[in-house]
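Structure file structure-v9.cif (mmCIF, C-alpha atoms) follows.
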```
data_coords
loop_
_atom_site.label_atom_id
_atom_site.label_comp_id
_atom_site.auth_asym_id
_atom_site.auth_seq_id
_atom_site.Cartn_x
_atom_site.Cartn_y
_atom_site.Cartn_z
CA MET G 1165 -89.75 -12.56 22.02
CA ARG G 1166 -90.47 -10.36 19.07
CA ILE G 1167 -89.33 -6.77 19.24
CA PRO G 1168 -92.21 -4.50 18.18
CA ARG G 1169 -91.52 -2.95 14.77
CA ASN G 1170 -93.16 0.09 13.24
CA LEU G 1171 -93.77 0.73 9.58
CA GLU G 1172 -93.70 4.29 8.31
CA VAL G 1173 -96.05 4.69 5.34
CA TRP G 1174 -95.78 7.63 2.96
CA ARG G 1175 -98.93 8.40 1.00
CA LEU G 1176 -97.51 10.06 -2.09
CA GLY G 1177 -100.46 10.39 -4.48
CA THR G 1178 -99.47 10.22 -8.17
CA VAL G 1179 -95.72 10.30 -8.73
CA ASN G 1180 -93.64 10.20 -11.88
CA TYR G 1181 -91.74 6.89 -12.17
CA LEU G 1182 -88.22 8.30 -12.17
CA GLU G 1183 -88.93 10.56 -9.23
CA ALA G 1184 -90.25 7.61 -7.26
CA LEU G 1185 -87.14 5.64 -8.23
CA LYS G 1186 -84.84 8.43 -7.02
CA LEU G 1187 -86.73 8.58 -3.75
CA GLN G 1188 -86.48 4.81 -3.29
CA GLU G 1189 -82.72 4.87 -3.90
CA LYS G 1190 -82.30 7.63 -1.33
CA LEU G 1191 -84.43 5.82 1.25
CA ALA G 1192 -82.74 2.47 0.60
CA SER G 1193 -79.30 4.00 1.30
CA GLU G 1194 -80.65 5.53 4.49
CA ARG G 1195 -82.27 2.26 5.52
CA LYS G 1196 -79.02 0.39 4.91
CA ILE G 1197 -77.19 2.55 7.46
CA ASN G 1198 -80.17 2.47 9.83
CA LYS G 1199 -80.77 6.18 9.50
CA ILE G 1200 -84.45 5.38 8.99
CA SER G 1201 -86.61 2.40 9.91
CA ASP G 1202 -88.73 0.31 7.54
CA THR G 1203 -90.63 2.62 5.19
CA LEU G 1204 -93.32 1.92 2.62
CA LEU G 1205 -94.25 4.21 -0.27
CA SER G 1206 -97.91 4.05 -1.26
CA LEU G 1207 -98.56 5.75 -4.61
CA GLN G 1208 -99.78 5.55 -8.18
CA HIS G 1209 -97.96 6.34 -11.44
CA PRO G 1210 -99.04 8.14 -14.59
CA PRO G 1211 -99.10 5.77 -17.59
CA THR G 1212 -95.69 4.08 -17.52
CA TYR G 1213 -94.24 0.89 -19.00
CA THR G 1214 -91.24 -0.62 -17.23
CA LEU G 1215 -88.76 -3.37 -17.96
CA GLY G 1216 -86.73 -5.40 -15.48
CA LYS G 1217 -83.04 -6.20 -15.29
CA ARG G 1218 -83.31 -8.80 -18.04
CA ARG G 1219 -84.41 -6.04 -20.47
CA THR G 1220 -87.07 -8.16 -22.16
CA ASP G 1221 -88.07 -5.42 -24.59
CA TYR G 1222 -89.16 -7.98 -27.16
CA ASN G 1223 -92.31 -8.08 -25.03
CA LEU G 1224 -93.12 -4.49 -26.00
CA LEU G 1225 -95.41 -4.82 -29.01
CA ILE G 1226 -95.36 -1.24 -30.31
CA PRO G 1227 -92.52 1.15 -31.05
CA GLU G 1228 -91.45 3.50 -28.26
CA SER G 1229 -92.54 6.52 -30.31
CA GLU G 1230 -96.11 5.26 -30.33
CA LEU G 1231 -95.94 4.86 -26.55
CA LYS G 1232 -94.94 8.50 -26.19
CA ASP G 1233 -97.78 9.58 -28.49
CA MET G 1234 -100.12 7.80 -26.11
CA GLY G 1235 -98.71 9.87 -23.27
CA ALA G 1236 -96.88 6.97 -21.66
CA GLU G 1237 -93.25 6.68 -20.56
CA LEU G 1238 -90.89 3.69 -20.83
CA HIS G 1239 -88.21 2.90 -18.25
CA TYR G 1240 -85.54 0.25 -17.86
CA THR G 1241 -84.99 -0.75 -14.24
CA GLN G 1242 -82.91 -3.03 -12.00
CA ARG G 1243 -85.86 -4.88 -10.55
CA GLY G 1244 -86.65 -8.53 -11.18
CA GLY G 1245 -89.52 -9.53 -13.42
CA ASP G 1246 -90.54 -8.83 -16.98
CA ILE G 1247 -92.32 -5.95 -18.73
CA THR G 1248 -95.35 -4.39 -17.10
CA PHE G 1249 -97.63 -1.36 -17.11
CA HIS G 1250 -98.35 1.07 -14.29
CA GLY G 1251 -101.04 3.71 -14.45
CA PRO G 1252 -103.83 5.56 -12.71
CA HIS G 1253 -106.11 3.44 -10.49
CA GLN G 1254 -103.42 0.84 -9.95
CA ALA G 1255 -102.16 0.73 -6.36
CA ILE G 1256 -98.37 0.66 -6.08
CA LEU G 1257 -96.57 -0.27 -2.87
CA TYR G 1258 -92.79 0.13 -2.65
CA PRO G 1259 -91.59 -1.27 0.69
CA ILE G 1260 -88.08 -0.16 1.64
CA VAL G 1261 -87.43 -2.70 4.36
CA SER G 1262 -84.54 -4.66 5.79
CA LEU G 1263 -85.06 -8.33 5.01
CA ARG G 1264 -82.28 -9.26 7.43
CA ASP G 1265 -84.17 -7.64 10.31
CA ILE G 1266 -87.33 -9.52 9.35
CA GLY G 1267 -85.37 -12.72 8.68
CA PHE G 1268 -86.78 -13.33 5.20
CA GLY G 1269 -85.07 -14.36 2.00
CA ALA G 1270 -86.29 -13.24 -1.42
CA ARG G 1271 -88.66 -16.16 -1.82
CA LYS G 1272 -90.47 -15.64 1.50
CA TYR G 1273 -90.62 -11.88 0.95
CA VAL G 1274 -92.23 -12.27 -2.46
CA GLU G 1275 -94.68 -14.88 -1.12
CA ASN G 1276 -95.79 -12.36 1.47
CA LEU G 1277 -96.20 -9.67 -1.18
CA GLU G 1278 -98.46 -12.12 -3.03
CA SER G 1279 -100.40 -12.79 0.19
CA THR G 1280 -100.84 -9.04 0.69
CA MET G 1281 -102.73 -8.79 -2.58
CA ILE G 1282 -104.60 -12.05 -2.00
CA ASP G 1283 -105.80 -10.83 1.41
CA LEU G 1284 -106.95 -7.50 0.00
CA SER G 1285 -108.83 -9.27 -2.79
CA SER G 1286 -110.63 -11.47 -0.27
CA LEU G 1287 -111.93 -8.36 1.52
CA TYR G 1288 -114.00 -7.83 -1.60
CA GLY G 1289 -115.01 -11.45 -2.04
CA VAL G 1290 -112.46 -12.12 -4.76
CA LYS G 1291 -110.62 -15.45 -4.58
CA ALA G 1292 -107.11 -14.76 -5.77
CA HIS G 1293 -104.10 -17.04 -5.62
CA GLY G 1294 -100.36 -16.88 -5.97
CA LEU G 1295 -97.57 -19.40 -5.61
CA ARG G 1296 -97.74 -20.50 -9.21
CA LYS G 1297 -94.49 -22.26 -9.97
CA CYS G 1298 -92.26 -20.03 -12.14
CA GLU G 1299 -94.94 -17.37 -12.24
CA THR G 1300 -94.77 -14.95 -9.37
CA GLY G 1301 -97.83 -12.74 -9.18
CA VAL G 1302 -101.47 -12.85 -8.10
CA TRP G 1303 -104.22 -14.37 -10.21
CA VAL G 1304 -107.98 -14.74 -10.22
CA GLU G 1305 -108.33 -18.04 -12.03
CA ASP G 1306 -106.22 -17.37 -15.12
CA ARG G 1307 -106.41 -13.60 -15.06
CA LYS G 1308 -103.61 -11.57 -13.49
CA ILE G 1309 -104.69 -8.99 -10.93
CA GLY G 1310 -101.37 -8.18 -9.26
CA ALA G 1311 -97.73 -8.06 -10.31
CA ILE G 1312 -94.47 -8.12 -8.40
CA GLY G 1313 -90.98 -6.91 -9.26
CA VAL G 1314 -88.42 -6.45 -6.55
CA ARG G 1315 -84.83 -5.41 -6.06
CA ILE G 1316 -82.80 -6.52 -3.03
CA SER G 1317 -79.49 -4.85 -2.37
CA SER G 1318 -77.53 -5.54 0.81
CA GLY G 1319 -80.72 -7.00 2.20
CA ILE G 1320 -82.78 -3.83 1.61
CA THR G 1321 -85.81 -4.04 -0.67
CA SER G 1322 -87.01 -1.59 -3.28
CA HIS G 1323 -89.65 -1.66 -6.02
CA GLY G 1324 -92.50 -3.93 -4.90
CA LEU G 1325 -96.02 -4.68 -6.01
CA ALA G 1326 -98.69 -3.31 -8.33
CA PHE G 1327 -102.33 -4.17 -7.70
CA ASN G 1328 -105.04 -3.42 -10.27
CA ILE G 1329 -107.89 -1.66 -8.50
CA ASP G 1330 -109.45 -0.24 -11.67
CA PRO G 1331 -106.80 0.77 -14.22
CA ASP G 1332 -107.49 1.11 -17.94
CA LEU G 1333 -106.66 -2.46 -18.95
CA SER G 1334 -106.34 -1.58 -22.64
CA PHE G 1335 -102.84 -0.28 -21.89
CA PHE G 1336 -101.80 -3.90 -21.34
CA LYS G 1337 -102.63 -4.73 -24.97
CA HIS G 1338 -99.39 -3.12 -26.10
CA ILE G 1339 -97.18 -5.54 -24.17
CA VAL G 1340 -96.93 -9.22 -23.44
CA PRO G 1341 -97.56 -8.57 -19.72
CA CYS G 1342 -94.87 -10.13 -17.55
CA GLY G 1343 -93.85 -12.17 -20.62
CA ILE G 1344 -96.95 -14.37 -20.46
CA ALA G 1345 -98.68 -14.44 -23.80
CA ASP G 1346 -101.87 -16.36 -23.30
CA LYS G 1347 -103.34 -14.97 -20.12
CA ASP G 1348 -105.59 -11.98 -19.46
CA VAL G 1349 -105.12 -9.10 -17.08
CA THR G 1350 -107.92 -8.13 -14.72
CA SER G 1351 -108.79 -5.73 -11.92
CA LEU G 1352 -110.59 -5.66 -8.59
CA ARG G 1353 -113.40 -3.67 -10.18
CA LYS G 1354 -113.94 -6.36 -12.79
CA GLU G 1355 -113.79 -9.27 -10.39
CA THR G 1356 -115.79 -8.09 -7.40
CA ASP G 1357 -119.56 -8.05 -6.98
CA MET G 1358 -119.25 -5.55 -4.16
CA GLU G 1359 -119.29 -1.81 -4.49
CA LEU G 1360 -115.80 -0.40 -4.11
CA PRO G 1361 -115.22 2.48 -1.70
CA ASP G 1362 -113.02 5.42 -2.60
CA GLU G 1363 -109.76 4.19 -4.12
CA ALA G 1364 -107.71 5.78 -1.35
CA VAL G 1365 -109.52 3.53 1.11
CA VAL G 1366 -108.69 0.42 -0.92
CA GLN G 1367 -105.06 1.48 -1.18
CA ASP G 1368 -104.83 2.04 2.58
CA GLN G 1369 -106.39 -1.39 3.14
CA LEU G 1370 -103.72 -2.91 0.92
CA VAL G 1371 -101.08 -1.25 3.10
CA SER G 1372 -102.75 -2.62 6.24
CA CYS G 1373 -102.73 -6.14 4.77
CA PHE G 1374 -98.99 -5.74 4.16
CA ALA G 1375 -98.34 -4.48 7.67
CA ARG G 1376 -100.27 -7.33 9.25
CA LEU G 1377 -98.60 -10.04 7.16
CA PHE G 1378 -95.15 -8.67 7.89
CA GLY G 1379 -95.80 -8.43 11.61
CA TYR G 1380 -95.57 -4.70 12.14
CA SER G 1381 -97.04 -3.57 15.45
CA ASP G 1382 -97.92 -0.10 14.29
CA ILE G 1383 -98.29 1.97 11.14
CA ILE G 1384 -97.19 5.59 11.14
CA TRP G 1385 -99.04 7.27 8.28
CA LYS G 1386 -97.49 10.30 6.61
CA ASP G 1387 -99.16 12.28 3.90
CA LYS G 1388 -96.46 13.43 1.55
CA ARG G 1389 -98.11 14.51 -1.64
CA ASN G 1390 -96.00 17.15 -3.40
CA ILE G 1391 -92.94 16.27 -1.37
CA ASP G 1392 -89.64 17.75 -2.33
CA ILE G 1393 -87.76 14.63 -3.46
CA ASP G 1394 -84.39 16.33 -3.18
CA GLY G 1395 -85.09 17.79 0.23
CA MET H 980 -80.66 -38.63 3.46
CA ALA H 981 -80.05 -37.48 -0.09
CA LEU H 982 -78.71 -34.19 1.26
CA ARG H 983 -76.13 -35.96 3.40
CA MET H 984 -75.02 -38.14 0.48
CA TRP H 985 -74.79 -35.14 -1.78
CA ALA H 986 -72.86 -33.20 0.82
CA SER H 987 -70.36 -36.01 1.32
CA SER H 988 -69.85 -36.54 -2.40
CA THR H 989 -69.26 -32.81 -2.75
CA ALA H 990 -66.83 -33.00 0.15
CA ASN H 991 -64.98 -35.81 -1.59
CA ALA H 992 -64.85 -33.84 -4.82
CA LEU H 993 -63.37 -30.87 -2.98
CA ARG H 994 -61.06 -33.24 -1.11
CA LEU H 995 -62.31 -32.10 2.26
CA SER H 996 -61.93 -34.39 5.21
CA SER H 997 -65.48 -34.05 6.46
CA ALA H 998 -68.64 -32.20 5.72
CA THR H 999 -70.57 -30.56 8.51
CA ARG H 1000 -73.79 -32.46 8.56
CA PRO H 1001 -77.11 -30.73 8.39
CA HIS H 1002 -78.54 -30.51 11.89
CA PHE H 1003 -81.66 -32.46 12.61
CA SER H 1004 -82.28 -31.41 16.19
CA PRO H 1005 -85.82 -30.12 16.79
CA LEU H 1006 -84.54 -26.70 17.83
CA SER H 1007 -82.56 -26.14 14.65
CA ARG H 1008 -84.21 -25.03 11.44
CA CYS H 1009 -81.03 -24.95 9.38
CA PHE H 1010 -81.25 -27.87 7.01
CA SER H 1011 -78.93 -26.39 4.40
CA SER H 1012 -75.51 -27.89 3.91
CA VAL H 1013 -72.40 -26.09 5.05
CA LEU H 1014 -68.95 -27.28 4.01
CA ASP H 1015 -65.74 -27.37 6.02
CA GLY H 1016 -62.75 -25.69 4.48
CA LEU H 1017 -64.69 -22.72 3.12
CA LYS H 1018 -65.08 -19.27 4.61
CA TYR H 1019 -68.43 -17.54 4.84
CA ALA H 1020 -69.74 -13.97 4.80
CA ASN H 1021 -72.79 -12.91 6.79
CA SER H 1022 -74.45 -12.06 3.49
CA HIS H 1023 -74.31 -15.80 2.66
CA GLU H 1024 -71.49 -15.95 0.13
CA TRP H 1025 -68.70 -18.55 0.43
CA VAL H 1026 -65.02 -18.35 -0.52
CA LYS H 1027 -62.58 -21.18 -1.22
CA HIS H 1028 -58.98 -20.00 -1.15
CA GLU H 1029 -56.62 -22.40 -2.87
CA GLY H 1030 -53.33 -21.83 -4.67
CA GLY H 1031 -53.57 -18.05 -4.71
CA VAL H 1032 -57.06 -18.03 -6.25
CA ALA H 1033 -60.27 -17.46 -4.37
CA THR H 1034 -63.48 -18.96 -5.76
CA VAL H 1035 -66.72 -17.25 -4.73
CA GLY H 1036 -70.32 -18.39 -4.78
CA ILE H 1037 -73.47 -18.32 -2.66
CA THR H 1038 -74.32 -20.88 -0.02
CA ASP H 1039 -76.95 -23.60 0.05
CA HIS H 1040 -78.84 -21.54 2.66
CA ALA H 1041 -78.81 -18.55 0.30
CA GLN H 1042 -80.04 -20.44 -2.76
CA ASP H 1043 -82.82 -22.03 -0.72
CA HIS H 1044 -84.00 -18.63 0.50
CA LEU H 1045 -83.83 -17.18 -3.01
CA GLY H 1046 -85.91 -19.72 -4.86
CA GLU H 1047 -85.25 -20.88 -8.40
CA VAL H 1048 -82.60 -18.72 -10.04
CA VAL H 1049 -83.58 -17.72 -13.59
CA PHE H 1050 -80.92 -15.14 -14.44
CA VAL H 1051 -77.39 -14.34 -13.30
CA ASP H 1052 -75.65 -11.03 -13.94
CA LEU H 1053 -71.88 -11.38 -13.62
CA PRO H 1054 -69.01 -8.94 -14.17
CA GLU H 1055 -66.27 -9.19 -16.79
CA THR H 1056 -62.92 -10.90 -16.26
CA GLY H 1057 -60.25 -8.35 -15.50
CA GLY H 1058 -62.57 -6.21 -13.42
CA SER H 1059 -62.08 -5.77 -9.70
CA VAL H 1060 -64.17 -6.59 -6.67
CA THR H 1061 -64.19 -4.97 -3.25
CA LYS H 1062 -64.98 -6.74 -0.01
CA ALA H 1063 -68.63 -6.29 1.02
CA SER H 1064 -69.52 -4.56 -2.25
CA SER H 1065 -71.82 -5.92 -4.92
CA PHE H 1066 -70.26 -7.64 -7.95
CA GLY H 1067 -73.36 -9.02 -9.62
CA ALA H 1068 -76.93 -10.11 -9.12
CA VAL H 1069 -79.22 -13.10 -9.44
CA GLU H 1070 -82.90 -13.07 -10.31
CA SER H 1071 -85.40 -15.44 -8.74
CA VAL H 1072 -89.16 -15.13 -8.10
CA LYS H 1073 -89.20 -11.72 -9.80
CA ALA H 1074 -86.59 -10.40 -7.38
CA THR H 1075 -83.07 -9.33 -8.33
CA SER H 1076 -80.73 -9.82 -5.39
CA ASP H 1077 -77.27 -8.26 -5.35
CA ILE H 1078 -74.38 -10.58 -4.58
CA ASN H 1079 -71.57 -9.12 -2.48
CA SER H 1080 -67.93 -10.14 -2.66
CA PRO H 1081 -66.42 -11.51 0.57
CA ILE H 1082 -62.97 -10.34 -0.55
CA SER H 1083 -61.19 -7.73 -2.66
CA GLY H 1084 -59.12 -8.45 -5.74
CA GLU H 1085 -58.99 -8.92 -9.49
CA ILE H 1086 -61.50 -11.16 -11.27
CA VAL H 1087 -59.54 -13.84 -13.14
CA GLU H 1088 -62.40 -16.06 -14.24
CA VAL H 1089 -66.18 -15.91 -14.46
CA ASN H 1090 -68.48 -18.95 -14.63
CA SER H 1091 -69.96 -18.58 -18.10
CA LYS H 1092 -72.09 -21.73 -17.64
CA LEU H 1093 -74.41 -19.66 -15.45
CA THR H 1094 -75.62 -17.67 -18.46
CA ASP H 1095 -77.35 -20.68 -19.98
CA THR H 1096 -77.88 -22.68 -16.81
CA PRO H 1097 -78.51 -20.25 -13.94
CA GLY H 1098 -80.17 -23.08 -12.00
CA LEU H 1099 -76.73 -24.53 -11.25
CA ILE H 1100 -76.69 -22.10 -8.35
CA ASN H 1101 -79.64 -23.99 -6.86
CA THR H 1102 -78.55 -27.54 -7.70
CA SER H 1103 -74.83 -27.16 -7.04
CA PRO H 1104 -74.14 -24.00 -5.01
CA TYR H 1105 -70.65 -25.08 -3.88
CA GLU H 1106 -69.46 -26.75 -7.10
CA ASP H 1107 -70.87 -26.11 -10.58
CA GLY H 1108 -72.69 -23.00 -9.33
CA TRP H 1109 -69.49 -21.09 -8.49
CA MET H 1110 -69.69 -17.49 -9.69
CA ILE H 1111 -66.26 -15.80 -9.93
CA LYS H 1112 -62.61 -16.55 -9.28
CA VAL H 1113 -60.56 -13.76 -7.76
CA LYS H 1114 -56.88 -13.08 -7.22
CA PRO H 1115 -57.08 -11.67 -3.67
CA SER H 1116 -55.39 -8.29 -3.21
CA ASN H 1117 -55.52 -8.66 0.56
CA PRO H 1118 -55.70 -12.32 1.69
CA SER H 1119 -55.93 -11.28 5.35
CA GLU H 1120 -59.53 -10.26 4.62
CA LEU H 1121 -60.32 -13.97 4.78
CA ASP H 1122 -59.49 -13.99 8.49
CA SER H 1123 -62.52 -11.90 9.36
CA LEU H 1124 -64.91 -14.30 7.60
CA MET H 1125 -66.73 -17.13 9.39
CA GLY H 1126 -65.71 -20.78 9.41
CA SER H 1127 -68.21 -23.55 8.81
CA LYS H 1128 -69.26 -24.02 12.45
CA GLU H 1129 -69.71 -20.28 12.97
CA TYR H 1130 -71.69 -19.95 9.75
CA THR H 1131 -73.93 -22.90 10.63
CA LYS H 1132 -74.72 -21.25 13.96
CA PHE H 1133 -75.25 -17.91 12.21
CA CYS H 1134 -77.85 -19.47 9.88
CA GLU H 1135 -79.63 -21.17 12.77
CA GLU H 1136 -79.82 -17.94 14.72
CA GLU H 1137 -81.02 -16.00 11.70
CA ASP H 1138 -83.78 -18.49 10.93
CA ALA H 1139 -84.83 -19.02 14.53
CA ALA H 1140 -85.09 -15.38 15.49
CA HIS H 1141 -88.20 -14.76 13.40
#
```

Once more with this new file: its structure as structure tokens, please.
Amino acid sequence: MRIPRNLEVWRLGTVNYLEALKLQEKLASERKINKISDTLLSLQHPPTYTLGKRRTDYNLLIPESELKDMGAELHYTQRGGDITFHGPHQAILYPIVSLRDIGFGARKYVENLESTMIDLSSLYGVKAHGLRKCETGVWVEDRKIGAIGVRISSGITSHGLAFNIDPDLSFFKHIVPCGIADKDVTSLRKETDMELPDEAVVQDQLVSCFARLFGYSDIIWKDKRNIDIDG
Amino acid sequence: MALRMWASSTANALRLSSATRPHFSPLSRCFSSVLDGLKYANSHEWVKHEGGVATVGITDHAQDHLGEVVFVDLPETGGSVTKASSFGAVESVKATSDINSPISGEIVEVNSKLTDTPGLINTSPYEDGWMIKVKPSNPSELDSLMGSKEYTKFCEEEDAAH
């Protein structure tokens, strides 16, 4: 018999990368000691390039100074995965959940993150796929629409997924995205024939796909724009 | 079949008297191998304590749930580890997973082969995929770890509950 589980979702609006990271670290510690239950952060970032634990900065094609001139930030992180870009109109989900409670290992968790983005894409008639051997992520044919980079510490997840609703794809020209040189990046806007509703609606739908796939009985939505991270 | 043969050849190499066979009953979903003579943590690391040195790695169950390991981050020799605290990480499927030490002590050797061949953790989790060797500061910590039968049951319960 499955015990009903709730997911608390924080709608954060646009958040600076480091602030979001600090918040995730705080929530992950609290989740580890069961002070809070499974929580998901739903947000977007200002233009930001990030690297994973392997520090593959050879995949950054311009000097850091040029990045700053563009108004973008660069951050080194502890997540898995290669270099990527985050920016406005790209939906970011950071689930802070206990994999032990769900009974998933890393592989199953990441597969479900892929399915979350695949399901959302199909709502708009876009046939996306994941499960490419050695290439975690979500693709429409050979074009990448969603990226994943996760950290798991004592069974608690942080970081998560980034889904391109309608970001400025030219930002991706300055990197070898995810370390894959010969493939394009794409977005929901580019791939769908349907008219997209307000972005906030699409982002909420993405969260609902996640909640359904991970078997949550209920979502508790919390609007937390302008939250006090240190509070 | 291959799994049983592999498990018994590993058992011979480690000079163990028998290997716990993977269960094939319809109710069990634990098909990973578990070896006698090792101790296990509930975060799926194993320890082999022999001649004052404890070798640590992750189990077959763990590597199966991780997926293909592409990167291993290990500490330096001479550093220390604390029971239940992280000493390194592995990356698989774009996820970095922390690895926790089942015991406390001083790191006396680190498996440098994992830098070039991280996949050894998948292909040989109990042998060539070992991660660190530790001089235990408190060998009684091993008593609170699980034996092979307990760990097998633990895996089955974990997999079946969801």

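Here is the contact set of chain H against chain G, at 6 Å and counting all atoms listed in the file: His1044, Leu1045, Gly1046, Glu1070, Val1072, Lys1073, Ala1074, Thr1075, Ser1076, Asp1077 and His1141 of chain H.
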
Could you write out as a list in words the residues that the PyMOL selection byres ((chain H and resi 1055) around 9) matches in the shown file?
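Those residues are Leu1053, Pro1054, Thr1056, Gly1057, Gly1058, Ser1059, Ile1086, Val1087, Glu1088 and Val1089 of chain H.
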
Take the PyMOL selection byres ((chain G and resi 1336) around 12), run it mentally on this structure, and tell me the resulting residues as an NGL selection string.
:G and (1211-1214 or 1223-1226 or 1231 or 1236 or 1247-1251 or 1308-1309 or 1328 or 1331-1335 or 1337-1345 or 1347-1351)

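Here CA of Lys1018 in chain H and CA of Ser1127 in chain H stand 6.8 Å from one another.
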
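Those residues positioned at most 10 Å from (-90.5, 2.9, 5.6) are Asn1170, Leu1171, Glu1172, Val1173, Trp1174, Gln1188, Leu1191, Ala1192, Arg1195, Ile1200, Ser1201, Asp1202, Thr1203, Leu1204, Leu1205, Tyr1258, Pro1259, Ile1260, Val1261, Ser1262, Ile1383, Ile1384 and Trp1385 of chain G, judged using all atoms listed in the file.
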
Please measure the separation of CA of Phe1050 in chain H and CA of Ala1020 in chain H, giving the value in Å to one decimal.
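Going from CA of Phe1050 in chain H over to CA of Ala1020 in chain H covers 22.3 Å.
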
Any chance you could resolve the PyMOL selection byres ((chain H and resi 1101-1105) around 9) against this file and give the residues as a PyMOL selection string?
chain H and resi 989+1014+1025+1035-1039+1041-1043+1045-1048+1097-1100+1106-1109

As an exercise, work out the distance from CA of Tyr1240 in chain G to CA of Val1302 in chain G in Å and give it to one decimal place.
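Computing the Euclidean distance for CA of Tyr1240 in chain G and CA of Val1302 in chain G yields 22.8 Å.
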
All residues 9 Å or closer to range 1353-1369 of chain G, all atoms listed in the file, same chain fewer than 3 positions away omitted, as a short mmCIF file (atom, residue, chain, number, x, y, z; two decimals) with C-alpha atoms, keeping the file's coordinate frame:
```cif
data_model
loop_
_atom_site.label_atom_id
_atom_site.label_comp_id
_atom_site.auth_asym_id
_atom_site.auth_seq_id
_atom_site.Cartn_x
_atom_site.Cartn_y
_atom_site.Cartn_z
CA ARG G 1175 -98.93 8.40 1.00
CA SER G 1206 -97.91 4.05 -1.26
CA LEU G 1207 -98.56 5.75 -4.61
CA HIS G 1253 -106.11 3.44 -10.49
CA GLN G 1254 -103.42 0.84 -9.95
CA ALA G 1255 -102.16 0.73 -6.36
CA ILE G 1256 -98.37 0.66 -6.08
CA LEU G 1257 -96.57 -0.27 -2.87
CA LEU G 1284 -106.95 -7.50 0.00
CA SER G 1285 -108.83 -9.27 -2.79
CA TYR G 1288 -114.00 -7.83 -1.60
CA GLY G 1289 -115.01 -11.45 -2.04
CA VAL G 1290 -112.46 -12.12 -4.76
CA VAL G 1304 -107.98 -14.74 -10.22
CA ASN G 1328 -105.04 -3.42 -10.27
CA ILE G 1329 -107.89 -1.66 -8.50
CA ASP G 1330 -109.45 -0.24 -11.67
CA PRO G 1331 -106.80 0.77 -14.22
CA THR G 1350 -107.92 -8.13 -14.72
CA SER G 1372 -102.75 -2.62 6.24
CA CYS G 1373 -102.73 -6.14 4.77
CA PHE G 1374 -98.99 -5.74 4.16
#
```

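Between Glu1137 in chain H and the residues G:Ala1184, G:Leu1263, G:Gln1208, G:Lys1386, the shortest atom-to-atom distance, using all atoms listed in the file, involves G:Leu1263.
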
Which polymer residues have any atom within 9 Å of an atom of Leu1017 in chain H, counting all atoms listed in the file, with same-chain residues fewer than 6 positions away left out, as an NGL selection string?
:H and (1025-1028 or 1125-1127)
